[in-house]
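Data block for entry-v6.pdb (PDB, C-alpha atoms and all ligand atoms):
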ATOM      1  CA  MET A   4       0.000   0.000   0.000
ATOM      2  CA  GLU A   5       1.937   2.951  -1.301
ATOM      3  CA  ASN A   6      -0.542   5.473  -0.055
ATOM      4  CA  ARG A   7      -0.269   4.206   3.452
ATOM      5  CA  GLU A   8       3.494   4.507   3.504
ATOM      6  CA  GLN A   9       3.382   7.927   1.907
ATOM      7  CA  SER A  10       1.013   9.320   4.492
ATOM      8  CA  LEU A  11       3.093   7.868   7.328
ATOM      9  CA  GLN A  12       6.228   9.354   5.807
ATOM     10  CA  ALA A  13       4.593  12.759   5.419
ATOM     11  CA  ILE A  14       3.458  12.668   9.043
ATOM     12  CA  TRP A  15       6.906  11.664  10.242
ATOM     13  CA  LYS A  16       8.429  14.633   8.377
ATOM     14  CA  ALA A  17       5.867  16.972   9.925
ATOM     15  CA  LEU A  18       6.740  15.648  13.391
ATOM     16  CA  LEU A  19      10.426  16.319  12.771
ATOM     17  CA  LYS A  20       9.669  19.813  11.518
ATOM     18  CA  GLY A  21       7.228  20.881  14.246
ATOM     19  CA  GLN A  22       8.456  22.497  17.462
ATOM     20  CA  ARG A  23       5.382  23.186  19.591
ATOM     21  CA  PHE A  24       2.859  20.346  19.694
ATOM     22  CA  PHE A  25      -0.633  19.822  21.041
ATOM     23  CA  ILE A  26      -1.634  16.150  21.280
ATOM     24  CA  ALA A  27      -5.017  14.727  22.244
ATOM     25  CA  GLY A  28      -6.982  11.518  21.915
ATOM     26  CA  HIS A  29     -10.743  11.121  22.215
ATOM     27  CA  LEU A  30     -12.995  11.990  25.163
ATOM     28  CA  ASN A  31     -13.133   9.382  27.936
ATOM     29  CA  PRO A  32      -9.776   8.017  26.801
ATOM     30  CA  ASP A  33      -9.390   4.246  26.495
ATOM     31  CA  GLY A  34      -6.095   2.365  26.598
ATOM     32  CA  ASP A  35      -5.405   2.994  22.925
ATOM     33  CA  SER A  36      -6.164   6.709  23.030
ATOM     34  CA  LEU A  37      -4.168   7.421  26.179
ATOM     35  CA  GLY A  38      -1.353   4.955  25.429
ATOM     36  CA  CYS A  39      -0.748   6.584  22.040
ATOM     37  CA  THR A  40      -0.930  10.119  23.454
ATOM     38  CA  LEU A  41       1.731   9.204  26.023
ATOM     39  CA  ALA A  42       4.012   7.325  23.617
ATOM     40  CA  VAL A  43       4.029  10.121  21.035
ATOM     41  CA  THR A  44       4.479  12.786  23.723
ATOM     42  CA  SER A  45       7.480  10.936  25.108
ATOM     43  CA  LEU A  46       9.046  10.429  21.680
ATOM     44  CA  LEU A  47       8.639  14.093  20.712
ATOM     45  CA  GLU A  48      10.102  15.245  24.028
ATOM     46  CA  ARG A  49      13.086  12.967  23.451
ATOM     47  CA  LEU A  50      13.509  14.753  20.117
ATOM     48  CA  GLY A  51      13.622  18.089  21.949
ATOM     49  CA  LYS A  52      10.109  19.290  21.119
ATOM     50  CA  THR A  53       7.645  21.076  23.388
ATOM     51  CA  VAL A  54       4.442  19.092  23.873
ATOM     52  CA  TYR A  55       1.083  19.901  25.497
ATOM     53  CA  ALA A  56      -0.620  16.525  25.973
ATOM     54  CA  TYR A  57      -4.340  16.637  26.747
ATOM     55  CA  ALA A  58      -6.986  14.122  27.861
ATOM     56  CA  ALA A  59     -10.561  14.751  29.059
ATOM     57  CA  PRO A  60     -12.554  14.661  31.150
ATOM     58  CA  ALA A  61     -10.831  12.110  33.422
ATOM     59  CA  ILE A  62      -8.516   9.089  33.431
ATOM     60  CA  GLY A  63      -9.945   5.699  34.441
ATOM     61  CA  ASN A  64      -8.329   4.026  37.448
ATOM     62  CA  ASP A  65      -7.240   1.073  35.318
ATOM     63  CA  LEU A  66      -5.062   3.362  33.178
ATOM     64  CA  LYS A  67      -3.372   5.299  35.957
ATOM     65  CA  PHE A  68      -0.366   2.961  35.881
ATOM     66  CA  LEU A  69       0.651   4.188  32.426
ATOM     67  CA  PRO A  70       4.170   5.627  32.522
ATOM     68  CA  GLY A  71       4.410   9.374  31.910
ATOM     69  CA  LEU A  72       0.815  10.097  32.880
ATOM     70  CA  SER A  73       1.834  13.106  34.986
ATOM     71  CA  LYS A  74       2.704  14.894  31.722
ATOM     72  CA  VAL A  75      -0.926  14.816  30.573
ATOM     73  CA  HIS A  76      -3.144  17.829  31.282
ATOM     74  CA  VAL A  77      -6.392  16.199  32.354
ATOM     75  CA  GLY A  78      -9.363  18.372  31.407
ATOM     76  CA  VAL A  79      -7.241  21.538  31.426
ATOM     77  CA  LEU A  80      -6.729  23.383  28.146
ATOM     78  CA  PRO A  81      -3.677  25.593  27.571
ATOM     79  CA  ASP A  82      -3.851  29.352  28.203
ATOM     80  CA  LYS A  83      -2.624  30.304  24.750
ATOM     81  CA  TYR A  84      -2.748  28.466  21.482
ATOM     82  CA  ASP A  85       0.675  28.893  19.911
ATOM     83  CA  PHE A  86       1.108  25.376  18.577
ATOM     84  CA  ASP A  87       2.564  24.800  15.137
ATOM     85  CA  THR A  88       1.458  21.171  15.017
ATOM     86  CA  VAL A  89      -1.687  19.589  16.437
ATOM     87  CA  LEU A  90      -2.049  15.824  16.541
ATOM     88  CA  LEU A  91      -5.432  14.175  17.049
ATOM     89  CA  LEU A  92      -5.224  10.442  17.727
ATOM     90  CA  GLU A  93      -8.105   7.957  17.644
ATOM     91  CA  CYS A  94     -10.630  10.629  16.671
ATOM     92  CA  SER A  95     -12.918   9.646  13.806
ATOM     93  CA  ASP A  96     -14.077  13.263  13.516
ATOM     94  CA  ARG A  97     -12.791  16.591  14.821
ATOM     95  CA  LYS A  98     -15.363  16.699  17.625
ATOM     96  CA  ARG A  99     -14.271  13.425  19.248
ATOM     97  CA  GLY A 100     -11.509  15.134  21.190
ATOM     98  CA  GLY A 101     -13.928  17.585  22.820
ATOM     99  CA  GLU A 102     -14.240  21.337  22.402
ATOM    100  CA  LEU A 103     -10.926  21.784  20.632
ATOM    101  CA  ASP A 104     -12.040  23.811  17.606
ATOM    102  CA  ALA A 105     -10.048  26.914  18.497
ATOM    103  CA  ILE A 106      -6.884  24.856  18.938
ATOM    104  CA  LEU A 107      -7.455  22.792  15.791
ATOM    105  CA  ASN A 108      -8.056  25.961  13.763
ATOM    106  CA  SER A 109      -4.970  27.676  15.175
ATOM    107  CA  ALA A 110      -2.582  24.937  14.053
ATOM    108  CA  GLN A 111      -0.350  25.359  11.031
ATOM    109  CA  THR A 112      -0.506  21.609  10.579
ATOM    110  CA  LEU A 113      -3.330  19.410  11.828
ATOM    111  CA  ILE A 114      -2.474  15.702  11.825
ATOM    112  CA  ASN A 115      -5.124  13.001  12.120
ATOM    113  CA  ILE A 116      -4.162   9.383  12.870
ATOM    114  CA  ASP A 117      -6.924   6.824  13.333
ATOM    115  CA  HIS A 118      -8.028   3.274  12.626
ATOM    116  CA  HIS A 119     -11.826   3.609  12.726
ATOM    117  CA  LEU A 120     -13.761   2.585   9.635
ATOM    118  CA  VAL A 121     -15.868   5.743   9.592
ATOM    119  CA  SER A 122     -12.992   8.171  10.090
ATOM    120  CA  GLU A 123     -13.107  11.506   8.277
ATOM    121  CA  SER A 124     -10.081  13.129   6.633
ATOM    122  CA  TYR A 125     -10.314  16.402   8.563
ATOM    123  CA  GLY A 126      -6.562  16.952   8.959
ATOM    124  CA  ASP A 127      -3.960  18.634   6.764
ATOM    125  CA  LEU A 128      -2.257  15.263   7.003
ATOM    126  CA  ASN A 129      -4.346  12.147   7.521
ATOM    127  CA  HIS A 130      -3.412   8.562   8.143
ATOM    128  CA  ILE A 131      -6.507   6.412   8.469
ATOM    129  CA  ASP A 132      -5.892   2.676   8.381
ATOM    130  CA  SER A 133      -9.054   0.748   9.172
ATOM    131  CA  GLY A 134      -7.069  -2.473   8.725
ATOM    132  CA  ALA A 135      -4.963  -1.632  11.769
ATOM    133  CA  SER A 136      -5.981  -3.232  15.058
ATOM    134  CA  SER A 137      -5.409  -0.036  16.975
ATOM    135  CA  THR A 138      -3.918   3.411  16.702
ATOM    136  CA  ALA A 139      -1.036   1.979  18.748
ATOM    137  CA  GLU A 140      -0.192  -0.365  15.875
ATOM    138  CA  ILE A 141      -0.025   2.649  13.531
ATOM    139  CA  ILE A 142       2.063   4.694  15.979
ATOM    140  CA  PHE A 143       4.566   1.845  16.155
ATOM    141  CA  GLN A 144       4.762   1.841  12.348
ATOM    142  CA  LEU A 145       5.345   5.587  12.557
ATOM    143  CA  PHE A 146       8.246   5.055  15.003
ATOM    144  CA  GLU A 147       9.652   2.541  12.511
ATOM    145  CA  GLU A 148       9.232   5.062   9.703
ATOM    146  CA  SER A 149      11.942   7.186  11.275
ATOM    147  CA  GLN A 150      14.551   4.469  10.617
ATOM    148  CA  GLU A 151      16.566   5.949  13.461
ATOM    149  CA  PRO A 152      17.485   3.690  16.383
ATOM    150  CA  ILE A 153      16.941   6.616  18.790
ATOM    151  CA  CYS A 154      13.314   6.699  17.679
ATOM    152  CA  LEU A 155      12.528   3.111  18.595
ATOM    153  CA  PRO A 156      10.154   3.023  21.575
ATOM    154  CA  THR A 157      11.728   3.092  25.026
ATOM    155  CA  PRO A 158      10.437   0.447  27.478
ATOM    156  CA  ASP A 159       7.924   2.989  28.866
ATOM    157  CA  GLU A 160       6.726   3.955  25.395
ATOM    158  CA  ALA A 161       6.459   0.254  24.512
ATOM    159  CA  THR A 162       4.299  -0.271  27.616
ATOM    160  CA  CYS A 163       1.976   2.537  26.505
ATOM    161  CA  LEU A 164       1.638   1.189  22.960
ATOM    162  CA  TYR A 165       1.222  -2.437  24.067
ATOM    163  CA  THR A 166      -1.630  -1.259  26.314
ATOM    164  CA  GLY A 167      -3.365   0.169  23.241
ATOM    165  CA  LEU A 168      -2.904  -3.074  21.331
ATOM    166  CA  VAL A 169      -3.992  -5.405  24.101
ATOM    167  CA  THR A 170      -7.112  -3.401  24.992
ATOM    168  CA  ASP A 171      -8.287  -2.755  21.413
ATOM    169  CA  THR A 172      -7.916  -6.436  20.484
ATOM    170  CA  GLY A 173      -9.600  -7.594  23.705
ATOM    171  CA  ARG A 174      -6.418  -9.360  24.774
ATOM    172  CA  PHE A 175      -5.789 -10.603  21.244
ATOM    173  CA  VAL A 176      -9.144 -12.301  20.743
ATOM    174  CA  HIS A 177     -11.174  -9.920  18.537
ATOM    175  CA  SER A 178     -11.144 -10.329  14.763
ATOM    176  CA  ASN A 179      -8.662  -7.421  14.463
ATOM    177  CA  THR A 180      -5.938  -9.686  15.915
ATOM    178  CA  THR A 181      -4.024  -9.805  12.642
ATOM    179  CA  ALA A 182      -0.522 -11.014  11.893
ATOM    180  CA  GLU A 183       0.600  -7.376  11.858
ATOM    181  CA  ALA A 184      -0.993  -6.729  15.270
ATOM    182  CA  LEU A 185       0.913  -9.698  16.681
ATOM    183  CA  ARG A 186       4.149  -8.654  14.962
ATOM    184  CA  VAL A 187       3.912  -5.225  16.561
ATOM    185  CA  ALA A 188       3.005  -6.752  19.933
ATOM    186  CA  SER A 189       6.010  -9.044  19.701
ATOM    187  CA  ALA A 190       8.296  -6.137  18.847
ATOM    188  CA  LEU A 191       6.943  -4.121  21.795
ATOM    189  CA  VAL A 192       7.574  -7.002  24.194
ATOM    190  CA  ALA A 193      11.119  -7.275  22.848
ATOM    191  CA  LEU A 194      11.554  -3.530  23.475
ATOM    192  CA  GLY A 195      10.610  -3.996  27.121
ATOM    193  CA  ALA A 196       6.834  -3.484  27.398
ATOM    194  CA  ASP A 197       5.778  -4.319  30.954
ATOM    195  CA  VAL A 198       3.264  -7.010  30.004
ATOM    196  CA  ASP A 199       2.899  -8.326  33.551
ATOM    197  CA  THR A 200       1.827  -4.985  35.030
ATOM    198  CA  ILE A 201      -0.542  -4.318  32.121
ATOM    199  CA  ASN A 202      -2.277  -7.680  32.602
ATOM    200  CA  GLN A 203      -2.421  -7.395  36.377
ATOM    201  CA  VAL A 204      -3.824  -3.870  36.464
ATOM    202  CA  ILE A 205      -6.203  -3.963  33.512
ATOM    203  CA  TYR A 206      -7.463  -7.538  33.624
ATOM    204  CA  PHE A 207      -6.886  -9.009  37.070
ATOM    205  CA  THR A 208      -7.802  -6.142  39.365
ATOM    206  CA  LYS A 209     -11.319  -5.543  40.674
ATOM    207  CA  SER A 210     -12.522  -3.946  43.886
ATOM    208  CA  TYR A 211     -14.629  -5.728  46.485
ATOM    209  CA  ILE A 212     -17.570  -3.527  45.470
ATOM    210  CA  GLU A 213     -17.182  -4.405  41.779
ATOM    211  CA  LEU A 214     -17.160  -8.131  42.567
ATOM    212  CA  LYS A 215     -20.229  -7.812  44.800
ATOM    213  CA  LEU A 216     -22.003  -5.897  42.033
ATOM    214  CA  LEU A 217     -21.041  -8.610  39.526
ATOM    215  CA  GLY A 218     -22.576 -11.166  41.876
ATOM    216  CA  ARG A 219     -25.808  -9.162  42.121
ATOM    217  CA  ALA A 220     -25.896  -8.749  38.333
ATOM    218  CA  LEU A 221     -25.460 -12.476  37.663
ATOM    219  CA  GLU A 222     -28.158 -13.245  40.225
ATOM    220  CA  LYS A 223     -30.541 -10.920  38.386
ATOM    221  CA  MET A 224     -29.687 -12.232  34.907
ATOM    222  CA  GLU A 225     -32.848 -13.297  33.052
ATOM    223  CA  MET A 226     -32.989 -15.468  29.959
ATOM    224  CA  ARG A 227     -35.687 -14.656  27.401
ATOM    225  CA  PHE A 228     -36.803 -15.680  23.914
ATOM    226  CA  ASP A 229     -35.671 -19.315  23.909
ATOM    227  CA  ASN A 230     -32.553 -18.336  25.884
ATOM    228  CA  LYS A 231     -31.322 -16.234  22.971
ATOM    229  CA  TYR A 232     -31.554 -12.985  24.946
ATOM    230  CA  SER A 233     -29.963 -12.326  28.317
ATOM    231  CA  GLN A 234     -31.135  -9.273  30.222
ATOM    232  CA  ILE A 235     -29.639  -7.806  33.381
ATOM    233  CA  ILE A 236     -31.296  -4.818  35.031
ATOM    234  CA  LEU A 237     -29.368  -2.957  37.726
ATOM    235  CA  THR A 238     -31.529  -0.408  39.536
ATOM    236  CA  LYS A 239     -30.570   2.487  41.792
ATOM    237  CA  ARG A 240     -31.241   0.171  44.740
ATOM    238  CA  ASP A 241     -28.727  -2.380  43.445
ATOM    239  CA  PHE A 242     -26.017   0.266  43.220
ATOM    240  CA  GLU A 243     -26.936   1.692  46.630
ATOM    241  CA  ALA A 244     -26.786  -1.757  48.235
ATOM    242  CA  PHE A 245     -23.002  -1.826  47.771
ATOM    243  CA  GLY A 246     -22.238   1.881  47.585
ATOM    244  CA  ALA A 247     -21.377   1.281  43.922
ATOM    245  CA  THR A 248     -21.565   3.605  40.934
ATOM    246  CA  PRO A 249     -22.820   2.721  37.433
ATOM    247  CA  ALA A 250     -19.227   3.101  36.222
ATOM    248  CA  GLN A 251     -18.257   0.014  38.252
ATOM    249  CA  THR A 252     -19.970  -2.401  35.871
ATOM    250  CA  GLN A 253     -17.104  -2.964  33.439
ATOM    251  CA  GLY A 254     -17.137  -6.445  31.917
ATOM    252  CA  ILE A 255     -20.528  -7.457  33.346
ATOM    253  CA  VAL A 256     -22.417  -7.306  30.046
ATOM    254  CA  SER A 257     -20.013  -9.778  28.402
ATOM    255  CA  GLN A 258     -20.554 -12.523  30.989
ATOM    256  CA  PRO A 259     -23.860 -13.890  29.589
ATOM    257  CA  THR A 260     -22.405 -14.200  26.081
ATOM    258  CA  MET A 261     -20.372 -17.139  27.406
ATOM    259  CA  ILE A 262     -23.578 -19.184  27.481
ATOM    260  CA  PRO A 263     -23.958 -21.124  24.204
ATOM    261  CA  GLY A 264     -27.098 -19.993  22.395
ATOM    262  CA  VAL A 265     -27.134 -16.430  23.750
ATOM    263  CA  GLU A 266     -27.309 -14.080  20.757
ATOM    264  CA  VAL A 267     -27.754 -10.759  22.555
ATOM    265  CA  SER A 268     -26.801  -9.679  26.069
ATOM    266  CA  ALA A 269     -28.087  -6.436  27.560
ATOM    267  CA  LEU A 270     -27.061  -4.638  30.744
ATOM    268  CA  ILE A 271     -29.642  -1.999  31.621
ATOM    269  CA  LYS A 272     -28.549   0.481  34.283
ATOM    270  CA  GLU A 273     -30.698   2.944  36.176
ATOM    271  CA  GLU A 274     -28.403   5.933  36.615
ATOM    272  CA  PRO A 275     -29.303   9.113  38.542
ATOM    273  CA  ASP A 276     -30.227  11.108  35.427
ATOM    274  CA  LYS A 277     -30.683   8.488  32.700
ATOM    275  CA  ILE A 278     -31.062   4.854  31.769
ATOM    276  CA  SER A 279     -27.953   3.527  30.046
ATOM    277  CA  VAL A 280     -27.802   0.261  28.144
ATOM    278  CA  ASN A 281     -24.816  -1.834  27.031
ATOM    279  CA  LEU A 282     -25.307  -4.497  24.363
ATOM    280  CA  ARG A 283     -23.115  -7.420  23.321
ATOM    281  CA  SER A 284     -23.614 -10.185  20.776
ATOM    282  CA  ARG A 285     -21.950 -13.527  20.436
ATOM    283  CA  ASN A 286     -22.534 -14.538  16.835
ATOM    284  CA  GLY A 287     -24.153 -12.817  13.897
ATOM    285  CA  VAL A 288     -26.410 -10.172  15.446
ATOM    286  CA  ASP A 289     -25.269  -6.610  14.759
ATOM    287  CA  VAL A 290     -26.143  -4.898  18.039
ATOM    288  CA  SER A 291     -25.028  -1.488  16.738
ATOM    289  CA  LYS A 292     -28.219  -1.532  14.596
ATOM    290  CA  ILE A 293     -30.303  -2.147  17.713
ATOM    291  CA  ALA A 294     -28.525   0.670  19.556
ATOM    292  CA  GLN A 295     -29.094   3.021  16.608
ATOM    293  CA  LEU A 296     -32.882   2.569  16.970
ATOM    294  CA  PHE A 297     -32.501   4.152  20.413
ATOM    295  CA  GLY A 298     -30.145   6.927  19.316
ATOM    296  CA  GLY A 299     -26.930   5.112  20.252
ATOM    297  CA  GLY A 300     -24.281   3.275  18.284
ATOM    298  CA  GLY A 301     -21.041   1.331  18.437
ATOM    299  CA  HIS A 302     -19.690  -1.840  16.916
ATOM    300  CA  ALA A 303     -21.399  -4.989  15.589
ATOM    301  CA  ARG A 304     -20.609  -6.958  18.740
ATOM    302  CA  ALA A 305     -20.475  -4.147  21.287
ATOM    303  CA  SER A 306     -22.708  -1.105  21.386
ATOM    304  CA  GLY A 307     -24.904   0.954  23.674
ATOM    305  CA  PHE A 308     -27.354   3.800  24.121
ATOM    306  CA  LYS A 309     -28.831   6.168  26.710
ATOM    307  CA  VAL A 310     -32.438   7.215  27.337
ATOM    308  CA  THR A 311     -33.414  10.163  29.535
ATOM    309  CA  ASP A 312     -37.211  10.317  29.469
ATOM    310  CA  GLN A 313     -38.307   6.798  30.421
ATOM    311  CA  THR A 314     -38.245   4.461  33.389
ATOM    312  CA  VAL A 315     -35.916   1.488  33.534
ATOM    313  CA  THR A 316     -38.845  -0.897  33.043
ATOM    314  CA  GLU A 317     -40.091   0.982  29.981
ATOM    315  CA  VAL A 318     -36.656   0.955  28.386
ATOM    316  CA  ALA A 319     -36.207  -2.743  29.156
ATOM    317  CA  GLU A 320     -39.529  -3.653  27.547
ATOM    318  CA  ARG A 321     -39.025  -1.506  24.436
ATOM    319  CA  LEU A 322     -35.598  -3.068  24.010
ATOM    320  CA  ALA A 323     -36.942  -6.581  24.562
ATOM    321  CA  GLU A 324     -39.488  -6.078  21.770
ATOM    322  CA  VAL A 325     -36.761  -5.065  19.333
ATOM    323  CA  VAL A 326     -34.467  -7.919  20.374
ATOM    324  CA  GLN A 327     -37.310 -10.444  20.107
ATOM    325  CA  ASN A 328     -37.835  -9.441  16.477
ATOM    326  CA  VAL A 329     -34.140  -9.708  15.738
ATOM    327  CA  VAL A 330     -33.565 -13.136  17.352
ATOM    328  CA  LYS A 331     -36.872 -14.839  16.589
ATOM    329  CA  ASP A 332     -35.728 -16.339  13.288
ATOM    330  CA  ILE A 333     -32.330 -17.474  14.495
ATOM    331  CA  ALA A 334     -32.288 -21.242  14.746
TER     332      ALA A 334
HETATM  333 MN    MN B   1      -8.442   2.363  19.118
END

structure tokens encoding of this file:
Amino acid sequence: MENREQSLQAIWKALLKGQRFFIAGHLNPDGDSLGCTLAVTSLLERLGKTVYAYAAPAIGNDLKFLPGLSKVHVGVLPDKYDFDTVLLLECSDRKRGGELDAILNSAQTLINIDHHLVSESYGDLNHIDSGASSTAEIIFQLFEESQEPICLPTPDEATCLYTGLVTDTGRFVHSNTTAEALRVASALVALGADVDTINQVIYFTKSYIELKLLGRALEKMEMRFDNKYSQIILTKRDFEAFGATPAQTQGIVSQPTMIPGVEVSALIKEEPDKISVNLRSRNGVDVSKIAQLFGGGGHARASGFKVTDQTVTEVAERLAEVVQNVVKDIA
């Protein structure tokens, strides 16, 4: 792919040329967004550049181990916008990073690097590779583009990029786990990525409250429509019972998809100001289409939506009707 290499090369040249950088990923940064922001920030600083790294509105507890995090301005924009180069990572459109219009417009060069299928070419330089597992995979290719040993990732940078790879591929199980994703992962391990810490913190750490909430959720799991639909409703009372917040439900919605025959799993949460719903599918059902009917979106196997003007029971029943129609003809 000539085009791909050309756009990487052009971006690498722009990075060498720039002096004052602003770097941001998307809102509510995930491992890929934050890992890439940190790795690129560190590389540019090693090259003697000035970098303002930004993430908003907050950093999840499971990502606070990432090396170099103290360099990131969390939710705080700079006082003046005198950047020559602005880098948006993981943002399929220019709004994904938040209210950054003034900064994006002030840049001499706006660079956009992303791997989402629906990404728009809003930058002066764009590198959108929907075949890449993660933005981290692309950033590693960018490091390689330099062909300078000094530009190979340091162990800390490798840890940041490996975090992006491992989280975006779901620990190397999603269909984006390509040969290239594994090649890059292998290279990052060789460069000193701290795989043990990443696994321990991201995948093998849960609080007492989170485990109790998981127990409550599994107890309340209901199977419907010939066991093709699993529904879990967590009400305000369930959260209050353990002093838990709706944010402490990570991973719960995926549990029912382990049951053979489950096509759709829904976690319906009664939050203080809204009802939020997470959807997962195991086989062929595209749950992003279901979420879209309720004003949400996402991926074929993982999506969600929020409703503000209905009770938890109303949302659950409207959703059940839609799911019933979708799964009724599945053998
Ligand atoms: Mn990503």

Closest contacts (range 25-95 of chain A/range 108-129 of chain A, max 7 Å, only C-alpha atoms) as CSV:
residue,atom,partner,partner_atom,distance
A:Tyr84,CA,A:Ser109,CA,6.7
A:Phe86,CA,A:Ala110,CA,5.9
A:Asp87,CA,A:Gln111,CA,5.1
A:Thr88,CA,A:Thr112,CA,4.9
A:Val89,CA,A:Leu113,CA,4.9
A:Leu90,CA,A:Ile114,CA,4.7
A:Leu91,CA,A:Asn115,CA,5.1
A:Leu92,CA,A:Ile116,CA,5.1
A:Glu93,CA,A:Asp117,CA,4.6
A:Cys94,CA,A:Asp117,CA,6.3
A:Ser95,CA,A:Ser122,CA,4.0

Considering only C-alpha atoms, can you say which of A:Lys309, A:Gly34, A:Arg283, A:Lys209 comes closest to Met261 in chain A?
A:Arg283

Can you list, as a PyMOL selection string, the residues that the PyMOL selection byres (((not hetatm)) within 10 of (chain B and resi 1)) selects here?
chain A and resi 28-29+32-39+92-94+117-119+135-140+167-168+170-172

Which residues are close to range 240-255 of chain A, i.e. within 9 Å by all atoms listed in the file, leaving aside same-chain residues fewer than 5 positions away? Reply as a list in words.
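Listing them by chain and then by number gives Ser210, Ile212, Glu213, Lys215, Leu216, Leu217, Arg219, Ala220, Leu221, Leu270, Lys272, Glu273 and Glu274 of chain A.
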
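Note that CA of Ser284 in chain A and CA of Asn328 in chain A are 14.9 Å apart.
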
Quick one, how far is CA of Leu322 in chain A from CA of Val176 in chain A?
28.2 Å

Which centre and which edge lengths, in Å to one decimal, describe the axis-aligned box that holds all listed atoms of range 126-132 of chain A after 5 Å is added on each side, as lines of an AutoDock Vina configuration file?
center_x = -4.4
center_y = 10.7
center_z = 7.9
size_x = 14.3
size_y = 26.0
size_z = 12.2

Find the residues near Glu317 in chain A: any atom within 12 Å, counting all atoms listed in the file, skip ones fewer than 5 places away on the same chain, and give them as a ChimeraX atom specification.
/A:236,271,273,278,310-312,322-324
